[in-house]
Amino acid sequence: MATILLAAVGASLGAGFGGTVLGLSGAVIGRALGASLGRAIDQRLLGGGSKAVETGRVDRMRHPTTTGGGRT
């Protein structure tokens with residue numbers, strides 16, 4: 001959530017300064033900086049996620065087959 005919020009704040013602050021750097025507007029640069037900071041905060045608060053859980057692997061799949069092939 002901090003990523004979204006700080007990206008919006010960064011974009012508005014960057015747009016306020018105006019100008020361009022290497023063809024990027026101040027809003028784009030501000031949004032990128034805000035999103036990076038917000039992502040770091042989100043990772044710190046919410047953690048890095050959880051590990052994948054694997055359950056019930058199927059070693060071999062059986063497909064139904066038909067024998068014969070016509071109507072009776």
# chains A, B, ... in the order shown; residues from 1 in each chain; ligands from 1
>>> residues_around(residues="stretch 32-37 of chain A", least_positions_apart="6", cutoff="8 Å", atoms="only C-alpha atoms", output="VMD selection string")
chain A and resid 2 to 4 6 to 11
>>> residues_around(residues="stretch 26-29 of chain A", least_positions_apart="6", cutoff="9 Å", atoms="only C-alpha atoms", output="VMD selection string")
chain A and resid 10 to 20
>>> write_last_selection(atoms="C-alpha atoms", output="PDB file, in the first residue's frame")
ATOM      1  CA  GLY A  10       6.367  11.377  -5.654  1.00  0.00           C
ATOM      2  CA  ALA A  11       4.633  12.026  -8.961  1.00  0.00           C
ATOM      3  CA  SER A  12       2.895  15.119  -7.637  1.00  0.00           C
ATOM      4  CA  LEU A  13       6.089  16.454  -6.071  1.00  0.00           C
ATOM      5  CA  GLY A  14       8.069  15.748  -9.236  1.00  0.00           C
ATOM      6  CA  ALA A  15       5.474  17.466 -11.384  1.00  0.00           C
ATOM      7  CA  GLY A  16       5.689  20.491  -9.106  1.00  0.00           C
ATOM      8  CA  PHE A  17       9.400  20.852  -9.769  1.00  0.00           C
ATOM      9  CA  GLY A  18       8.875  20.347 -13.493  1.00  0.00           C
ATOM     10  CA  GLY A  19      11.681  20.060 -16.004  1.00  0.00           C
ATOM     11  CA  THR A  20      13.130  17.011 -17.654  1.00  0.00           C
TER      12      THR A  20
END
>>> residues_around(residues="A:Met1", least_positions_apart="3", cutoff="8 Å", atoms="only C-alpha atoms", output="PyMOL selection string")
chain A and resi 4-5+38+42
